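Some notes on the structure that comes next.
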Amino acid sequence: MTRYEIRIAGFGGQGVITLSKMIITAASIYENLAATQTEAYSASARGGSCWAEVVVELDKNIETIDYPQALSPYDFLIVLSGESAARVNPSLIKEEKNTGYLVWDPSTIATFKAVEKIQKSLSIPVQKIAVENFGNIVFGNSILFGVFTVLSGIISEESAIETLKKFVPRSTLDKNLEAFELGKKEAQDFMKGLTEAN
């Protein structure tokens, strides 16, 4: 099975949909992989619950996705709200060598019971870091994109940077690249910790 399935869940205004579009852009346009993106959000877009999924076909010989939505367990799950965290249980995450990552934001999630039973779980206060370091929560997307690039291993850093250039205003590119590097560093430290633990 060469499908790689990603789900991002949170609430409107956190950049859930934009992050999913960044991932599919990097995978399809810059890595030439078949990919699909789906999304849903409540009637009150900002502040209401929303989710997005990306399915990437890692085999370049396969040019189409047979089913467009992700099917749990997921290869990569990003959770950005308490409401979304309450719906997570360990069975939603794959437990394989190079997959099965959970990334979540403790600055927006007060309690997350399931996290104790998920082996590859990275807690990173994305919104807090984005505001304190860059002055706006919108930079959280670039932080998460850096985390995703390192942990998933399905897109190259070059593809990620080209994608960032496409998505962010030129005037904020340097700050977004700095946020991306910060996310990469968090992920690299996390991977190092996992290696040492094993």
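Chain labels A, B, ... are given in the sequence in which chains occur in the structure tokens; within each chain residues are numbered consecutively from 1, and ligands are likewise numbered from 1 in the order shown.
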Near segment 126-139 of chain A, within 8 Å and counting only C-alpha atoms, which residues show up once chain neighbours fewer than 5 positions away are dropped, as a count of residues only? 9
Could you list, as a compact mmCIF listing (two decimals) with N, CA and C atoms, in the first residue's frame, every residue within 8 Å of Leu177 of chain A, counting only C-alpha atoms and ignoring same-chain residues fewer than 3 positions away?
```txt
# COMPACT_ATOMS: atom_id res chain seq x y z
N SER A 142 3.26 27.78 8.74
CA SER A 142 4.64 27.53 8.28
C SER A 142 5.40 26.67 9.29
N ILE A 161 9.73 24.66 0.34
CA ILE A 161 10.07 26.07 0.24
C ILE A 161 9.42 26.71 -0.99
N LEU A 164 5.87 27.32 -0.07
CA LEU A 164 5.74 28.50 0.78
C LEU A 164 5.75 29.78 -0.04
N LEU A 173 7.71 36.58 3.41
CA LEU A 173 8.40 35.31 3.09
C LEU A 173 9.52 35.00 4.07
N ASP A 174 10.36 35.97 4.39
CA ASP A 174 11.48 35.72 5.29
C ASP A 174 11.01 35.22 6.65
N PHE A 180 9.16 28.18 9.28
CA PHE A 180 9.33 26.85 8.70
C PHE A 180 10.56 26.16 9.31
N GLU A 181 11.66 26.89 9.41
CA GLU A 181 12.89 26.34 9.99
C GLU A 181 12.69 25.98 11.46
```
Have a look at A:Met191, A:Ala35, A:Ile29, A:Val54 and name the one nearest to Ile17 of chain A; count only C-alpha atoms.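 With only C-alpha atoms as the atom set, the closest residue is A:Val54.
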At a cut-off of 7 Å, using only C-alpha atoms, what residues contact Ser121 of chain A? Leave out same-chain residues fewer than 2 positions from it and give the result as a list in words. Tyr101, Leu102, Val103, Val115, Ile118, Gln119 and Ser123 of chain A
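Counting only C-alpha atoms, the residue from A:Thr64, A:Ser159, A:Ser171, A:Thr195 that sits nearest to Ala26 of chain A is A:Ser159.
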Report the distance between atom CA of Ile93 of chain A and atom CA of Val150 of chain A in Å, rounded to one decimal place.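 A separation of 17.9 Å between them.
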Got a sec to tell me which of segment 41-89 of chain A DSSP assigns to alpha helix (DSSP H), as a list in words?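 Going through segment 41-89 of chain A, the alpha helix (DSSP H) residues come out as Gly82, Glu83, Ser84 and Ala85 of chain A.
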Per-residue DSSP, segment 28-197 of chain A, filtered to strand (DSSP E), as a ChimeraX atom specification: /A:35-41,49-57,76-79,101-104,121-123
Store the residues picked out above in a file with C-alpha atoms, as a compact mmCIF listing (two decimals), in the first residue's frame.
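Just written: part.txt:
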```
# COMPACT_ATOMS: atom_id res chain seq x y z
CA ALA A 35 -2.84 13.50 -4.55
CA THR A 36 -6.30 14.61 -3.45
CA GLN A 37 -7.54 17.09 -0.86
CA THR A 38 -10.95 17.18 0.84
CA GLU A 39 -12.30 19.54 3.47
CA ALA A 40 -15.33 20.30 5.62
CA TYR A 41 -16.26 23.03 8.05
CA SER A 49 -15.00 23.07 13.72
CA CYS A 50 -13.27 22.11 10.48
CA TRP A 51 -11.08 19.39 9.05
CA ALA A 52 -9.11 18.66 5.91
CA GLU A 53 -7.57 15.51 4.52
CA VAL A 54 -4.87 14.87 1.95
CA VAL A 55 -4.21 11.52 0.31
CA VAL A 56 -0.89 11.14 -1.50
CA GLU A 57 0.07 8.23 -3.75
CA PHE A 76 -0.23 11.66 9.93
CA LEU A 77 -2.73 13.43 12.20
CA ILE A 78 -2.57 17.11 13.19
CA VAL A 79 -4.99 18.18 15.94
CA TYR A 101 2.64 10.65 13.71
CA LEU A 102 0.36 12.80 15.86
CA VAL A 103 1.12 16.52 16.14
CA TRP A 104 -0.99 18.62 18.51
CA SER A 121 3.16 12.18 19.55
CA LEU A 122 4.70 15.65 19.22
CA SER A 123 3.26 18.37 21.43
```
Between A:Ile24, A:Ala34, A:Ile6, A:Ile109, which has the minimum distance to Leu92 of chain A (counting only C-alpha atoms)?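 That would be A:Ile6, the residue with the smallest distance to Leu92 of chain A.
Atom pair atom CA of Arg87 of chain A / atom CA of Pro125 of chain A: separated by 19.6 Å.
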Check the smallest atom-to-atom distance from each of A:Leu58, A:Leu80, A:Val147, A:Leu194 to Thr2 of chain A using only C-alpha atoms, then report the winner. A:Leu58
Just give me the gap between atom CA of Ala27 of chain A and atom CA of Ile154 of chain A in Å, one decimal is fine.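 Separation between atom CA of Ala27 of chain A and atom CA of Ile154 of chain A: 7.6 Å.
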